Amino acid sequence: MGPRDARVAARLSVFTLLVFIAPAYTWGQASGTTLTGVVTAGTGSAVSNATLALKNSEGAAVADVKTDARGRYSIPDVQAGEYELTVTAEGFSTSTTKVTIAPGADAASQTADVTLNAPLSLGDLGFSSSQTQGSAADQARLNKRTHMLKVHQTLGLIDVAPMVATVATSFGAGGRSTSTSDRWAHMALGSTTADLYFTSAYFAIFAPKIPGTQTRGGIKLHKTLAWIHGPGMIITPILGAIAFDQKSKGERVHGIASAHGPVAIVTAAAYGAAILSLTFKW
Amino acid sequence: MKNRKWWLVPLVLTLPLFVAARGRAQESQWTLEQATLSYHVSHPLHQVEGVSHAARGKGVCHEGQCDFLIAAPVKSFDSGDSSRDLHMQQVTKAGQFPLVSVRTHLPASLEGAATIDADLKIEFAGVTAEYKKVAFQQTTEGDHVHITGTIPAKVTDFKMDPPSLFAVQIKNDIPVRVDMIWRKEK
C-alpha cells in the first residue's frame with residue numbers, strides 16, 4: 001500500500017467513525033434533564049448522605065441517590081413530567097417536594113434545593129427528661145417482680161394438689177374411728193401444703209414494689225383474700241397439732257382444737273377464691 | 001428625584017412585614033387536645049383492652065408539609081388490673097423505654113380530607129416499626145379536627161415474645177385504636 005492509499009484508508013476510517021460511531025454515541029447520551037440541587041439544614045449547613053427518592057406521578061421510583069459531603073446531589077436523565085422528590089436524613093424530618101420538568105425544556109439541568117427541618121422532639125410535647133428516659137434499674141425491677149410472681153404463681157398452683165389431698169384425708173383423720181396412719185398421712189400432707197404455701201408467699205411478699213402503682217382489678221381481691229388464707233395457714237397447723245395430740249391420747253378433739261376443721265375449710269376456700277380471682281395473668 | 005426617594009422609604013420599611021406575614025401563612029401548628037389510645041389483646045380465655053388518655057401530640061407544617069409527633073407513657077395504659085398492667089410494662093420494656101411515640105409526615109393539603117392514608121413510624125419497646133398507608137377518618141369542626149383509626153400493630157413488630165396464659169400465647173395482633181381531637185393554632 002502506497003502513501004496515497006494509506007491516506008485514503010485513514011480518511012475512510014475517520015469517515016466510518018463519524019458515520020457509524022458518533023451517532024451511536026450521541027444516541028447513548030442522556031436525553032432528559034439533569035436534576036441537581038443542594039440539601040441543607042435549617043441552619044444553612046449542608047446535609048451529607050441524605051437520601052433522595054424521585055418518584056413519577058404514578059408513584060414509580062425513578063431514581064434513588066445520596067448527597068455528597070457538600071450536600072449536593074445530581075439525578076441525570078429525568079424526562080419531562082411531574083415528580084415527587086422525597087428527602088430523608090438522620091436527625092431531620094422528611095421533606096417531600098413537587099418537581100416539574102417542563103416538556104421540551106431547553107435547559108440541560110434544573111435545580112431543586114431542599115431545606116430539611118429538625119424533627120419534633122418529645123421535649124416539644126412537654127415531657128420532662130425523667131419521663132422520656134428510662135433506666136436499666138427500673139427495667140430490672142420490673143423483670144425481678146415478674147420472675148418472682150411467676151414462681152409465686154407456679155408454687156401456688158402446685159400447692160392445690162397437697163391441699164386437696166389434705167382435705168380428703170381429714171375425714172379419716174378426724175372421725176370417730178380414726179387410725180394413727182390416717183392422722184400421720186393427714187399431718188404429712190398438711191405440712192407439705194403449709195411448706196409450699198409459705199414458700200410461695202415469700203415470692204409474693206418480697207417481689208419488688210413498683211412506685212406509684214395503685215392496686216386495682218382482680219389483684220385487689222387476690223391480695224384481700226390473702227388476709228384470710230394467710231392467718232388461716234398459720235392457725236390451722238397449730239390447731240391441727242393440738243387435735244393430733246388429743247387424738248393420740250385417745251381423747252375426743254375438744255376445746256380450741258375443735259376449730260381446726262372449720263378454720264381449715266375457710267382457709268382452703270379463701271385460697272381457691274384467690275386463685276380464681278386471677279384467672280388471667282400473663 | 002429627591003421626593004421620589006422619600007416615597008420609597010415607607011415601602012422599603014414595610015416590605016419585611018409583608019414577607020414575615022407571608023412566612024407565617026406558610027407555617028401552622030397543631031396541638032393534640034384529647035386522645036384515647038386503646039390496645040386490644042386476644043387470648044382464647046380472655047379479651048383485654050388497655051386504654052390511655054395521657055397522649056400528647058404536636059404537628060408543625062412548613063411549606064405545605066406537616067410533621068406530627070404523638071407520644072404516651074406506656075404505664076398510662078390501664079387494662080383494669082394493675083398487676084396485668086405491670087406485667088405488660090415488663091414485657092414491653094417500659095422501664096427502659098417509658099414512652100410509645102408515633103411520627104408521621106403528611107402533606108398539608110390533606111386538611112379537610114375525609115380519609116387520610118398515613119405512613120407511621122412507631123417507636124415502642126426500643127424498636128421502631130413502620131406501617132404504610134394506615135387509614136384514618138377525619139372530620140373537621142371549625143379549628144378542631146377529629147381523627148379516628150386503627151393501627152394494625154403486632155407483638156412481633158416490636159420484637160417481643162407474646163405473653164402466655166396456661167401455656168397458650170396471646171394472639172400476635174394487638175390492634176391499637178386511635179381517637180384524637182386536634183386543634184389548629186391560630
# chains A, B, ... in the order shown; residues from 1 in each chain; ligands from 1
>>> interface_residues(of="chain B", to="chain A", cutoff="7 Å", atoms="only C-alpha atoms", output="list in words")
Arg56, Gly57, Lys58, Leu69, Gly80, Asp81, Ser82, Ser83, Arg84, His87, Gln90, Lys93, Ala94, Gly95, Gln96, Phe97, Pro98, Leu99, His105, Pro163, Ser164 and Leu165 of chain B
>>> residues_around(residues="Ala35 in chain B", least_positions_apart="2", cutoff="7 Å", atoms="only C-alpha atoms", output="ChimeraX atom specification")
/B:33,37,53,55,179-181
>>> write_last_selection(atoms="N, CA, C and O atoms", output="mmCIF file, in the first residue's frame")
data_model
loop_
_atom_site.group_PDB
_atom_site.id
_atom_site.type_symbol
_atom_site.label_atom_id
_atom_site.label_comp_id
_atom_site.auth_asym_id
_atom_site.auth_seq_id
_atom_site.Cartn_x
_atom_site.Cartn_y
_atom_site.Cartn_z
ATOM 1 N N GLU B 33 -55.521 17.918 71.514
ATOM 2 C CA GLU B 33 -56.321 18.346 72.677
ATOM 3 C C GLU B 33 -56.801 17.168 73.508
ATOM 4 O O GLU B 33 -56.787 17.219 74.735
ATOM 5 N N LEU B 37 -56.190 6.241 73.315
ATOM 6 C CA LEU B 37 -55.496 5.166 72.606
ATOM 7 C C LEU B 37 -55.828 3.872 73.331
ATOM 8 O O LEU B 37 -55.737 3.816 74.561
ATOM 9 N N HIS B 53 -55.399 7.838 78.201
ATOM 10 C CA HIS B 53 -55.879 9.175 77.828
ATOM 11 C C HIS B 53 -54.760 10.195 77.995
ATOM 12 O O HIS B 53 -55.016 11.391 78.032
ATOM 13 N N ALA B 55 -51.988 10.718 76.114
ATOM 14 C CA ALA B 55 -51.130 11.037 74.955
ATOM 15 C C ALA B 55 -51.032 12.546 74.748
ATOM 16 O O ALA B 55 -51.976 13.293 75.011
ATOM 17 N N ASP B 179 -58.284 7.606 68.765
ATOM 18 C CA ASP B 179 -59.376 8.579 68.693
ATOM 19 C C ASP B 179 -58.821 9.908 69.212
ATOM 20 O O ASP B 179 -58.542 10.048 70.397
ATOM 21 N N MET B 180 -58.625 10.863 68.293
ATOM 22 C CA MET B 180 -57.924 12.090 68.682
ATOM 23 C C MET B 180 -58.686 13.334 68.236
ATOM 24 O O MET B 180 -59.367 13.319 67.204
ATOM 25 N N ILE B 181 -58.534 14.378 69.018
ATOM 26 C CA ILE B 181 -59.052 15.690 68.610
ATOM 27 C C ILE B 181 -57.879 16.665 68.593
ATOM 28 O O ILE B 181 -57.216 16.879 69.611
#
>>> residues_around(residues="range 109-113 of chain B", least_positions_apart="6", cutoff="9 Å", atoms="only C-alpha atoms", output="list in words")
Gly64, Gln65, Gln137, Gln138, Thr139, Thr140 and Val145 of chain B
>>> select_by_dssp(residues="range 19-185 of chain B", states="alpha helix (DSSP H)", output="PDB file with N, CA and C atoms, in the first residue's frame")
ATOM      1  N   VAL B  19     -43.242  40.203  54.021  1.00  0.00           N
ATOM      2  CA  VAL B  19     -42.510  38.937  53.863  1.00  0.00           C
ATOM      3  C   VAL B  19     -42.737  38.046  55.082  1.00  0.00           C
ATOM      4  N   ALA B  20     -42.659  38.701  56.273  1.00  0.00           N
ATOM      5  CA  ALA B  20     -42.868  37.943  57.510  1.00  0.00           C
ATOM      6  C   ALA B  20     -44.271  37.362  57.566  1.00  0.00           C
ATOM      7  N   ALA B  21     -45.247  38.178  57.169  1.00  0.00           N
ATOM      8  CA  ALA B  21     -46.635  37.714  57.189  1.00  0.00           C
ATOM      9  C   ALA B  21     -46.812  36.532  56.242  1.00  0.00           C
ATOM     10  N   ARG B  22     -46.171  36.599  55.084  1.00  0.00           N
ATOM     11  CA  ARG B  22     -46.267  35.509  54.119  1.00  0.00           C
ATOM     12  C   ARG B  22     -45.628  34.237  54.701  1.00  0.00           C
ATOM     13  N   GLY B  23     -44.500  34.444  55.384  1.00  0.00           N
ATOM     14  CA  GLY B  23     -43.822  33.310  56.003  1.00  0.00           C
ATOM     15  C   GLY B  23     -44.711  32.643  57.042  1.00  0.00           C
ATOM     16  N   ARG B  24     -45.418  33.452  57.842  1.00  0.00           N
ATOM     17  CA  ARG B  24     -46.299  32.881  58.861  1.00  0.00           C
ATOM     18  C   ARG B  24     -47.447  32.107  58.212  1.00  0.00           C
ATOM     19  N   ALA B  25     -47.906  32.648  57.074  1.00  0.00           N
ATOM     20  CA  ALA B  25     -49.023  31.999  56.402  1.00  0.00           C
ATOM     21  C   ALA B  25     -48.637  30.596  55.930  1.00  0.00           C
ATOM     22  N   GLN B  26     -47.372  30.405  55.676  1.00  0.00           N
ATOM     23  CA  GLN B  26     -46.944  29.100  55.189  1.00  0.00           C
ATOM     24  C   GLN B  26     -46.773  28.119  56.329  1.00  0.00           C
ATOM     25  N   SER B  82     -54.052  -3.756  87.848  1.00  0.00           N
ATOM     26  CA  SER B  82     -52.710  -3.168  87.997  1.00  0.00           C
ATOM     27  C   SER B  82     -51.608  -4.211  87.843  1.00  0.00           C
ATOM     28  N   SER B  83     -51.867  -5.455  88.264  1.00  0.00           N
ATOM     29  CA  SER B  83     -50.848  -6.492  88.146  1.00  0.00           C
ATOM     30  C   SER B  83     -50.591  -6.814  86.673  1.00  0.00           C
ATOM     31  N   ARG B  84     -51.670  -6.927  85.914  1.00  0.00           N
ATOM     32  CA  ARG B  84     -51.524  -7.206  84.478  1.00  0.00           C
ATOM     33  C   ARG B  84     -50.817  -6.049  83.779  1.00  0.00           C
ATOM     34  N   ASP B  85     -51.158  -4.808  84.192  1.00  0.00           N
ATOM     35  CA  ASP B  85     -50.522  -3.638  83.565  1.00  0.00           C
ATOM     36  C   ASP B  85     -49.018  -3.615  83.858  1.00  0.00           C
ATOM     37  N   LEU B  86     -48.651  -3.988  85.088  1.00  0.00           N
ATOM     38  CA  LEU B  86     -47.222  -4.024  85.425  1.00  0.00           C
ATOM     39  C   LEU B  86     -46.511  -5.106  84.622  1.00  0.00           C
ATOM     40  N   HIS B  87     -47.206  -6.207  84.407  1.00  0.00           N
ATOM     41  CA  HIS B  87     -46.598  -7.264  83.600  1.00  0.00           C
ATOM     42  C   HIS B  87     -46.459  -6.811  82.147  1.00  0.00           C
ATOM     43  N   MET B  88     -47.472  -6.079  81.670  1.00  0.00           N
ATOM     44  CA  MET B  88     -47.382  -5.515  80.312  1.00  0.00           C
ATOM     45  C   MET B  88     -46.180  -4.580  80.212  1.00  0.00           C
ATOM     46  N   GLN B  89     -45.974  -3.786  81.268  1.00  0.00           N
ATOM     47  CA  GLN B  89     -44.827  -2.863  81.264  1.00  0.00           C
ATOM     48  C   GLN B  89     -43.508  -3.631  81.239  1.00  0.00           C
ATOM     49  N   GLN B  90     -43.493  -4.755  81.936  1.00  0.00           N
ATOM     50  CA  GLN B  90     -42.258  -5.558  81.935  1.00  0.00           C
ATOM     51  C   GLN B  90     -42.004  -6.146  80.549  1.00  0.00           C
ATOM     52  N   VAL B  91     -43.045  -6.687  79.937  1.00  0.00           N
ATOM     53  CA  VAL B  91     -42.904  -7.312  78.619  1.00  0.00           C
ATOM     54  C   VAL B  91     -42.498  -6.270  77.568  1.00  0.00           C
TER      55      VAL B  91
END
>>> closest_residue(among="A:Leu225, A:Ala241, A:Leu54, A:Leu276", to="Gly261 in chain A", atoms="only C-alpha atoms")
A:Ala241
>>> residues_around(residues="Leu35 in chain A", least_positions_apart="4", cutoff="6 Å", atoms="only C-alpha atoms", output="VMD selection string")
chain A and resid 74 to 75 109 to 111
>>> closest_residue(among="B:Cys61, B:Leu120, B:Ala71, B:Tyr131", to="Thr36 in chain B", atoms="only C-alpha atoms")
B:Ala71
>>> closest_residue(among="B:Ile151, B:Ala118, B:Val102, B:Val168", to="Leu45 in chain B", atoms="only C-alpha atoms")
B:Val168
>>> closest_residue(among="B:Ile122, B:Val41, B:Val51, B:Val60", to="Pro162 in chain B", atoms="only C-alpha atoms")
B:Val41
>>> atom_distance(atom1="CA of Thr92 in chain B", atom2="CA of Glu49 in chain B")
15.6 Å
>>> residues_around(residues="range 163-174 of chain A", least_positions_apart="3", cutoff="7 Å", atoms="only C-alpha atoms", output="mmCIF file with C-alpha atoms, in the first residue's frame")
data_model
loop_
_atom_site.group_PDB
_atom_site.id
_atom_site.type_symbol
_atom_site.label_atom_id
_atom_site.label_comp_id
_atom_site.auth_asym_id
_atom_site.auth_seq_id
_atom_site.Cartn_x
_atom_site.Cartn_y
_atom_site.Cartn_z
ATOM 1 C CA ASP A 159 -49.942 -26.375 96.275
ATOM 2 C CA VAL A 160 -53.540 -27.057 95.276
ATOM 3 C CA THR A 178 -59.561 -42.987 113.174
ATOM 4 C CA SER A 179 -56.280 -44.747 112.730
ATOM 5 C CA ASP A 182 -54.616 -41.703 108.756
ATOM 6 C CA ARG A 183 -53.604 -38.977 111.177
ATOM 7 C CA HIS A 186 -53.107 -36.089 107.063
ATOM 8 C CA LEU A 189 -49.903 -33.701 103.600
ATOM 9 C CA GLY A 190 -50.851 -30.681 105.699
ATOM 10 C CA THR A 193 -49.212 -27.827 101.915
#
>>> residues_around(residues="His152 in chain A", least_positions_apart="6", cutoff="12 Å", atoms="only C-alpha atoms", output="ChimeraX atom specification")
/A:145-146,158-159,196-207,275
>>> write_last_selection(atoms="N, CA and C atoms", output="PDB file, in the first residue's frame")
ATOM      1  N   ARG A 145     -39.674  -8.490  89.522  1.00  0.00           N
ATOM      2  CA  ARG A 145     -41.041  -8.611  90.014  1.00  0.00           C
ATOM      3  C   ARG A 145     -41.779  -9.725  89.259  1.00  0.00           C
ATOM      4  N   THR A 146     -41.693  -9.673  87.929  1.00  0.00           N
ATOM      5  CA  THR A 146     -42.388 -10.670  87.112  1.00  0.00           C
ATOM      6  C   THR A 146     -41.858 -12.078  87.409  1.00  0.00           C
ATOM      7  N   ILE A 158     -49.258 -25.456  92.263  1.00  0.00           N
ATOM      8  CA  ILE A 158     -48.828 -26.815  92.653  1.00  0.00           C
ATOM      9  C   ILE A 158     -49.400 -27.167  94.032  1.00  0.00           C
ATOM     10  N   ASP A 159     -49.494 -26.156  94.891  1.00  0.00           N
ATOM     11  CA  ASP A 159     -49.942 -26.375  96.275  1.00  0.00           C
ATOM     12  C   ASP A 159     -51.401 -26.835  96.352  1.00  0.00           C
ATOM     13  N   LEU A 196     -45.183 -25.462 101.078  1.00  0.00           N
ATOM     14  CA  LEU A 196     -45.309 -24.883  99.740  1.00  0.00           C
ATOM     15  C   LEU A 196     -45.981 -23.500  99.800  1.00  0.00           C
ATOM     16  N   TYR A 197     -46.977 -23.416 100.673  1.00  0.00           N
ATOM     17  CA  TYR A 197     -47.719 -22.158 100.799  1.00  0.00           C
ATOM     18  C   TYR A 197     -46.792 -21.026 101.232  1.00  0.00           C
ATOM     19  N   PHE A 198     -45.992 -21.274 102.266  1.00  0.00           N
ATOM     20  CA  PHE A 198     -45.154 -20.190 102.778  1.00  0.00           C
ATOM     21  C   PHE A 198     -43.995 -19.869 101.821  1.00  0.00           C
ATOM     22  N   THR A 199     -43.542 -20.888 101.099  1.00  0.00           N
ATOM     23  CA  THR A 199     -42.502 -20.616 100.082  1.00  0.00           C
ATOM     24  C   THR A 199     -43.096 -19.730  98.983  1.00  0.00           C
ATOM     25  N   SER A 200     -44.301 -20.092  98.556  1.00  0.00           N
ATOM     26  CA  SER A 200     -44.987 -19.295  97.523  1.00  0.00           C
ATOM     27  C   SER A 200     -45.246 -17.872  98.021  1.00  0.00           C
ATOM     28  N   ALA A 201     -45.671 -17.761  99.272  1.00  0.00           N
ATOM     29  CA  ALA A 201     -45.972 -16.439  99.847  1.00  0.00           C
ATOM     30  C   ALA A 201     -44.724 -15.561  99.902  1.00  0.00           C
ATOM     31  N   TYR A 202     -43.584 -16.204 100.174  1.00  0.00           N
ATOM     32  CA  TYR A 202     -42.327 -15.442 100.233  1.00  0.00           C
ATOM     33  C   TYR A 202     -42.090 -14.691  98.917  1.00  0.00           C
ATOM     34  N   PHE A 203     -42.298 -15.399  97.785  1.00  0.00           N
ATOM     35  CA  PHE A 203     -42.050 -14.774  96.479  1.00  0.00           C
ATOM     36  C   PHE A 203     -43.029 -13.635  96.183  1.00  0.00           C
ATOM     37  N   ALA A 204     -44.229 -13.726  96.744  1.00  0.00           N
ATOM     38  CA  ALA A 204     -45.198 -12.633  96.536  1.00  0.00           C
ATOM     39  C   ALA A 204     -44.876 -11.446  97.440  1.00  0.00           C
ATOM     40  N   ILE A 205     -44.545 -11.748  98.697  1.00  0.00           N
ATOM     41  CA  ILE A 205     -44.305 -10.662  99.669  1.00  0.00           C
ATOM     42  C   ILE A 205     -43.034  -9.887  99.329  1.00  0.00           C
ATOM     43  N   PHE A 206     -41.994 -10.607  98.875  1.00  0.00           N
ATOM     44  CA  PHE A 206     -40.713  -9.937  98.628  1.00  0.00           C
ATOM     45  C   PHE A 206     -40.475  -9.562  97.162  1.00  0.00           C
ATOM     46  N   ALA A 207     -41.472  -9.725  96.312  1.00  0.00           N
ATOM     47  CA  ALA A 207     -41.346  -9.232  94.928  1.00  0.00           C
ATOM     48  C   ALA A 207     -41.238  -7.710  94.990  1.00  0.00           C
ATOM     49  N   ILE A 275     -57.092 -17.940  93.868  1.00  0.00           N
ATOM     50  CA  ILE A 275     -56.601 -18.440  92.568  1.00  0.00           C
ATOM     51  C   ILE A 275     -57.574 -18.033  91.458  1.00  0.00           C
TER      52      ILE A 275
END
